[in-house]
Amino acid sequence: MFLAISLVILAFCSMEGVAWLAHKYLMHGWLWHLHADHHKKDGSSFFEKNDYFFLIFALPGIALLALGSFVGSLYYLLFIGIGITAYGFTYFLVHDIFIHQRFKWLRNSNNVYLRALRRAHKMHHKHLGKEDGECFGMLLFPARYLKEEMKRN
Ligand SMILES: [Zn+2]
Ligand SMILES: [Zn+2]
């Protein structure tokens with residue numbers, strides 16, 4: 001049980017680093033053509049090309065869940081898969097629903113951390129192009145946003 005919980009937490013936390021790296025070096029790199037419409041929205045369609053990343057990033061999680069479930073000796077991969085998938089789901093809730101309001105719920109929050117997180121991501125969106133970005137992570141961001149939100153309270 002200890003191993004299971006540790007692996008889930010470790011995988012979840014590692015994903016923040018993976019997401020940061022992927023966002024900075026893949027999405028703002030050679031996969032920019034898929035990510036660009038998330039920065040320059042034309043608003044005509046509910047879906048963005050950027051949504052392909054849900055499929056791309058879901059696949060490793062699904063593969064680990066399947067291997068961990070069906071291959072007895074690889075059972076621990078199941079917990080890594082759960083951590084990765086939980087991160088993906090959290091990312092969707094925080095990024096697509098809370099920040100970008102693609103569904104009109106979780107409109108607002110008094111929570112200082114969530115407000116700081118949203119401001120940090122809005123700073124990421126101030127940059128419309130591929131270069132010179134900031135705040136590529138999601139759940140972790142520079143501490144100054146937290147300090148500023150705390151002052152507002
Ligand atoms: Zn971006
Ligand atoms: Zn965004």
# chains A, B, ... in the order shown; residues from 1 in each chain; ligands from 1
$ closest_atom_pairs --of "chain A" --to "ligand 1" --cutoff "12 Å" --atoms "only C-alpha atoms and all ligand atoms" --output "tab-separated table"
residue	atom	partner	partner_atom_place_in_ligand_line	distance
A:Ala19	CA	ligand 1	1 (Zn)	10.9
A:Trp20	CA	ligand 1	1 (Zn)	9.9
A:Leu21	CA	ligand 1	1 (Zn)	11.3
A:Ala22	CA	ligand 1	1 (Zn)	9.9
A:His23	CA	ligand 1	1 (Zn)	6.2
A:Lys24	CA	ligand 1	1 (Zn)	7.3
A:Tyr25	CA	ligand 1	1 (Zn)	10.0
A:Leu26	CA	ligand 1	1 (Zn)	9.8
A:Met27	CA	ligand 1	1 (Zn)	6.6
A:His28	CA	ligand 1	1 (Zn)	6.2
A:Gly29	CA	ligand 1	1 (Zn)	10.0
A:Leu31	CA	ligand 1	1 (Zn)	10.8
A:Trp32	CA	ligand 1	1 (Zn)	8.6
A:His33	CA	ligand 1	1 (Zn)	11.3
A:Leu34	CA	ligand 1	1 (Zn)	10.4
A:His35	CA	ligand 1	1 (Zn)	6.7
A:Ala36	CA	ligand 1	1 (Zn)	7.7
A:Asp37	CA	ligand 1	1 (Zn)	9.6
A:His38	CA	ligand 1	1 (Zn)	7.2
A:His39	CA	ligand 1	1 (Zn)	6.5
A:Lys40	CA	ligand 1	1 (Zn)	10.2
A:Asn50	CA	ligand 1	1 (Zn)	9.6
A:Phe53	CA	ligand 1	1 (Zn)	11.8
A:His95	CA	ligand 1	1 (Zn)	11.5
A:Ala120	CA	ligand 1	1 (Zn)	11.9
A:His121	CA	ligand 1	1 (Zn)	9.0
A:Lys122	CA	ligand 1	1 (Zn)	10.2
A:Met123	CA	ligand 1	1 (Zn)	10.2
A:His124	CA	ligand 1	1 (Zn)	6.5
A:His125	CA	ligand 1	1 (Zn)	6.8
A:Lys126	CA	ligand 1	1 (Zn)	9.8
A:His127	CA	ligand 1	1 (Zn)	8.3
A:Leu128	CA	ligand 1	1 (Zn)	8.5
A:Gly129	CA	ligand 1	1 (Zn)	8.6
A:Lys130	CA	ligand 1	1 (Zn)	7.6
A:Glu131	CA	ligand 1	1 (Zn)	9.6
A:Asp132	CA	ligand 1	1 (Zn)	10.3
A:Gly133	CA	ligand 1	1 (Zn)	7.3
A:Glu134	CA	ligand 1	1 (Zn)	8.6
A:Cys135	CA	ligand 1	1 (Zn)	8.7
A:Phe136	CA	ligand 1	1 (Zn)	6.6
A:Gly137	CA	ligand 1	1 (Zn)	9.5
A:Met138	CA	ligand 1	1 (Zn)	10.7
$ closest_residue --among "A:Lys41, A:Arg152, A:Leu78, A:Phe46" --to "ligand 2" --atoms "only C-alpha atoms and all ligand atoms"
A:Lys41
$ closest_residue --among "A:Leu77, A:Phe98, A:Gly88, A:Ile9" --to "Ala63 of chain A" --atoms "only C-alpha atoms"
A:Leu77
$ closest_residue --among "A:Asp51, A:Ala116, A:Phe2, A:Phe89" --to "ligand 2" --atoms "only C-alpha atoms and all ligand atoms"
A:Asp51
$ closest_residue --among "A:Ala66, A:Glu48, A:Gly61, A:Leu55" --to "ligand 2" --atoms "only C-alpha atoms and all ligand atoms"
A:Glu48
$ atom_distance --atom1 "atom CA of Ile62 of chain A" --atom2 "atom CA of Thr85 of chain A"
7.8 Å
$ select_by_dssp --residues "chain A" --states "helix (DSSP H, G or I)" --output "number ranges by chain"
A: 2-30, 32-39, 49-70, 72-74, 77-99, 112-126, 143-152
$ closest_residue --among "A:Tyr87, A:Tyr113, A:Phe70, A:Tyr52" --to "Tyr145 of chain A" --atoms "only C-alpha atoms"
A:Tyr113
$ closest_residue --among "A:Ile80, A:Ile99, A:Met15, A:Leu146" --to "ligand 2" --atoms "only C-alpha atoms and all ligand atoms"
A:Ile99
$ atom_distance --atom1 "atom CA of Thr90 of chain A" --atom2 "atom CA of Ser44 of chain A"
26.1 Å
$ residues_around --residues "segment 102-107 of chain A" --least-positions-apart "2" --cutoff "12 Å" --atoms "only C-alpha atoms" --output "ChimeraX atom specification"
/A:43,45-48,92-100,109-111,114-115,118
$ decode --residues "segment 105-117 of chain A" --atoms "all heavy atoms" --output "PDB file, in the first residue's frame"
ATOM      1  N   TRP A 105     -18.531  26.472 -15.416  1.00  0.00           N
ATOM      2  CA  TRP A 105     -18.607  26.217 -13.994  1.00  0.00           C
ATOM      3  C   TRP A 105     -17.238  26.451 -13.392  1.00  0.00           C
ATOM      4  O   TRP A 105     -16.306  26.742 -14.132  1.00  0.00           O
ATOM      5  CB  TRP A 105     -19.199  24.857 -13.614  1.00  0.00           C
ATOM      6  CG  TRP A 105     -18.991  23.718 -14.542  1.00  0.00           C
ATOM      7  CD1 TRP A 105     -19.570  23.565 -15.782  1.00  0.00           C
ATOM      8  CD2 TRP A 105     -18.164  22.565 -14.332  1.00  0.00           C
ATOM      9  NE1 TRP A 105     -19.139  22.381 -16.334  1.00  0.00           N
ATOM     10  CE2 TRP A 105     -18.308  21.748 -15.478  1.00  0.00           C
ATOM     11  CE3 TRP A 105     -17.339  22.133 -13.274  1.00  0.00           C
ATOM     12  CZ2 TRP A 105     -17.626  20.531 -15.602  1.00  0.00           C
ATOM     13  CZ3 TRP A 105     -16.681  20.914 -13.405  1.00  0.00           C
ATOM     14  CH2 TRP A 105     -16.826  20.141 -14.557  1.00  0.00           C
ATOM     15  N   LEU A 106     -17.134  26.437 -12.087  1.00  0.00           N
ATOM     16  CA  LEU A 106     -15.907  26.870 -11.393  1.00  0.00           C
ATOM     17  C   LEU A 106     -15.523  28.266 -11.877  1.00  0.00           C
ATOM     18  O   LEU A 106     -14.388  28.521 -12.250  1.00  0.00           O
ATOM     19  CB  LEU A 106     -14.728  25.920 -11.674  1.00  0.00           C
ATOM     20  CG  LEU A 106     -14.820  24.472 -11.256  1.00  0.00           C
ATOM     21  CD1 LEU A 106     -13.558  23.742 -11.669  1.00  0.00           C
ATOM     22  CD2 LEU A 106     -15.012  24.354  -9.756  1.00  0.00           C
ATOM     23  N   ARG A 107     -16.492  29.177 -11.939  1.00  0.00           N
ATOM     24  CA  ARG A 107     -16.230  30.491 -12.502  1.00  0.00           C
ATOM     25  C   ARG A 107     -15.217  31.279 -11.688  1.00  0.00           C
ATOM     26  O   ARG A 107     -14.401  31.998 -12.219  1.00  0.00           O
ATOM     27  CB  ARG A 107     -17.519  31.311 -12.533  1.00  0.00           C
ATOM     28  CG  ARG A 107     -18.245  31.196 -13.822  1.00  0.00           C
ATOM     29  CD  ARG A 107     -19.534  31.966 -13.688  1.00  0.00           C
ATOM     30  NE  ARG A 107     -20.540  31.427 -14.586  1.00  0.00           N
ATOM     31  CZ  ARG A 107     -20.718  31.861 -15.819  1.00  0.00           C
ATOM     32  NH1 ARG A 107     -19.988  32.833 -16.285  1.00  0.00           N
ATOM     33  NH2 ARG A 107     -21.639  31.330 -16.579  1.00  0.00           N
ATOM     34  N   ASN A 108     -15.320  31.186 -10.393  1.00  0.00           N
ATOM     35  CA  ASN A 108     -14.442  32.012  -9.585  1.00  0.00           C
ATOM     36  C   ASN A 108     -14.048  31.308  -8.303  1.00  0.00           C
ATOM     37  O   ASN A 108     -14.652  30.313  -7.927  1.00  0.00           O
ATOM     38  CB  ASN A 108     -15.121  33.331  -9.255  1.00  0.00           C
ATOM     39  CG  ASN A 108     -14.247  34.468  -9.742  1.00  0.00           C
ATOM     40  OD1 ASN A 108     -13.026  34.410  -9.585  1.00  0.00           O
ATOM     41  ND2 ASN A 108     -14.859  35.484 -10.321  1.00  0.00           N
ATOM     42  N   SER A 109     -13.048  31.858  -7.666  1.00  0.00           N
ATOM     43  CA  SER A 109     -12.588  31.239  -6.440  1.00  0.00           C
ATOM     44  C   SER A 109     -12.021  32.303  -5.512  1.00  0.00           C
ATOM     45  O   SER A 109     -11.437  33.281  -5.971  1.00  0.00           O
ATOM     46  CB  SER A 109     -11.513  30.203  -6.765  1.00  0.00           C
ATOM     47  OG  SER A 109     -10.949  29.734  -5.568  1.00  0.00           O
ATOM     48  N   ASN A 110     -12.221  32.111  -4.234  1.00  0.00           N
ATOM     49  CA  ASN A 110     -11.581  32.992  -3.258  1.00  0.00           C
ATOM     50  C   ASN A 110     -10.245  32.433  -2.810  1.00  0.00           C
ATOM     51  O   ASN A 110      -9.561  33.036  -2.010  1.00  0.00           O
ATOM     52  CB  ASN A 110     -12.479  33.168  -2.029  1.00  0.00           C
ATOM     53  CG  ASN A 110     -13.683  34.008  -2.372  1.00  0.00           C
ATOM     54  OD1 ASN A 110     -13.580  34.956  -3.146  1.00  0.00           O
ATOM     55  ND2 ASN A 110     -14.832  33.651  -1.817  1.00  0.00           N
ATOM     56  N   ASN A 111      -9.923  31.269  -3.340  1.00  0.00           N
ATOM     57  CA  ASN A 111      -8.705  30.607  -2.924  1.00  0.00           C
ATOM     58  C   ASN A 111      -7.483  31.329  -3.511  1.00  0.00           C
ATOM     59  O   ASN A 111      -7.389  31.538  -4.723  1.00  0.00           O
ATOM     60  CB  ASN A 111      -8.755  29.158  -3.400  1.00  0.00           C
ATOM     61  CG  ASN A 111      -7.560  28.373  -2.944  1.00  0.00           C
ATOM     62  OD1 ASN A 111      -6.463  28.511  -3.504  1.00  0.00           O
ATOM     63  ND2 ASN A 111      -7.743  27.576  -1.922  1.00  0.00           N
ATOM     64  N   VAL A 112      -6.580  31.734  -2.629  1.00  0.00           N
ATOM     65  CA  VAL A 112      -5.427  32.530  -3.039  1.00  0.00           C
ATOM     66  C   VAL A 112      -4.547  31.762  -4.035  1.00  0.00           C
ATOM     67  O   VAL A 112      -4.102  32.307  -5.043  1.00  0.00           O
ATOM     68  CB  VAL A 112      -4.595  32.939  -1.799  1.00  0.00           C
ATOM     69  CG1 VAL A 112      -3.305  33.613  -2.222  1.00  0.00           C
ATOM     70  CG2 VAL A 112      -5.412  33.864  -0.911  1.00  0.00           C
ATOM     71  N   TYR A 113      -4.340  30.474  -3.748  1.00  0.00           N
ATOM     72  CA  TYR A 113      -3.497  29.663  -4.634  1.00  0.00           C
ATOM     73  C   TYR A 113      -4.108  29.588  -6.041  1.00  0.00           C
ATOM     74  O   TYR A 113      -3.418  29.788  -7.040  1.00  0.00           O
ATOM     75  CB  TYR A 113      -3.311  28.268  -4.034  1.00  0.00           C
ATOM     76  CG  TYR A 113      -2.729  27.274  -5.003  1.00  0.00           C
ATOM     77  CD1 TYR A 113      -1.381  27.317  -5.340  1.00  0.00           C
ATOM     78  CD2 TYR A 113      -3.544  26.306  -5.603  1.00  0.00           C
ATOM     79  CE1 TYR A 113      -0.848  26.418  -6.249  1.00  0.00           C
ATOM     80  CE2 TYR A 113      -3.027  25.403  -6.514  1.00  0.00           C
ATOM     81  CZ  TYR A 113      -1.682  25.463  -6.835  1.00  0.00           C
ATOM     82  OH  TYR A 113      -1.174  24.576  -7.745  1.00  0.00           O
ATOM     83  N   LEU A 114      -5.412  29.325  -6.117  1.00  0.00           N
ATOM     84  CA  LEU A 114      -6.050  29.187  -7.433  1.00  0.00           C
ATOM     85  C   LEU A 114      -6.040  30.495  -8.205  1.00  0.00           C
ATOM     86  O   LEU A 114      -5.843  30.527  -9.413  1.00  0.00           O
ATOM     87  CB  LEU A 114      -7.495  28.684  -7.269  1.00  0.00           C
ATOM     88  CG  LEU A 114      -7.645  27.201  -6.940  1.00  0.00           C
ATOM     89  CD1 LEU A 114      -9.109  26.849  -6.695  1.00  0.00           C
ATOM     90  CD2 LEU A 114      -7.081  26.331  -8.059  1.00  0.00           C
ATOM     91  N   ARG A 115      -6.239  31.596  -7.488  1.00  0.00           N
ATOM     92  CA  ARG A 115      -6.226  32.898  -8.171  1.00  0.00           C
ATOM     93  C   ARG A 115      -4.832  33.237  -8.678  1.00  0.00           C
ATOM     94  O   ARG A 115      -4.671  33.756  -9.785  1.00  0.00           O
ATOM     95  CB  ARG A 115      -6.754  33.991  -7.233  1.00  0.00           C
ATOM     96  CG  ARG A 115      -8.260  33.861  -6.992  1.00  0.00           C
ATOM     97  CD  ARG A 115      -8.903  35.119  -6.416  1.00  0.00           C
ATOM     98  NE  ARG A 115      -7.990  35.981  -5.723  1.00  0.00           N
ATOM     99  CZ  ARG A 115      -8.086  36.313  -4.418  1.00  0.00           C
ATOM    100  NH1 ARG A 115      -9.076  35.844  -3.688  1.00  0.00           N
ATOM    101  NH2 ARG A 115      -7.218  37.118  -3.882  1.00  0.00           N
ATOM    102  N   ALA A 116      -3.819  32.914  -7.881  1.00  0.00           N
ATOM    103  CA  ALA A 116      -2.441  33.166  -8.290  1.00  0.00           C
ATOM    104  C   ALA A 116      -2.080  32.300  -9.498  1.00  0.00           C
ATOM    105  O   ALA A 116      -1.460  32.759 -10.454  1.00  0.00           O
ATOM    106  CB  ALA A 116      -1.492  32.894  -7.131  1.00  0.00           C
ATOM    107  N   LEU A 117      -2.510  31.038  -9.454  1.00  0.00           N
ATOM    108  CA  LEU A 117      -2.259  30.099 -10.543  1.00  0.00           C
ATOM    109  C   LEU A 117      -2.885  30.629 -11.847  1.00  0.00           C
ATOM    110  O   LEU A 117      -2.266  30.616 -12.910  1.00  0.00           O
ATOM    111  CB  LEU A 117      -2.868  28.755 -10.146  1.00  0.00           C
ATOM    112  CG  LEU A 117      -2.830  27.554 -11.075  1.00  0.00           C
ATOM    113  CD1 LEU A 117      -2.973  26.302 -10.230  1.00  0.00           C
ATOM    114  CD2 LEU A 117      -3.946  27.597 -12.079  1.00  0.00           C
TER     115      LEU A 117
END
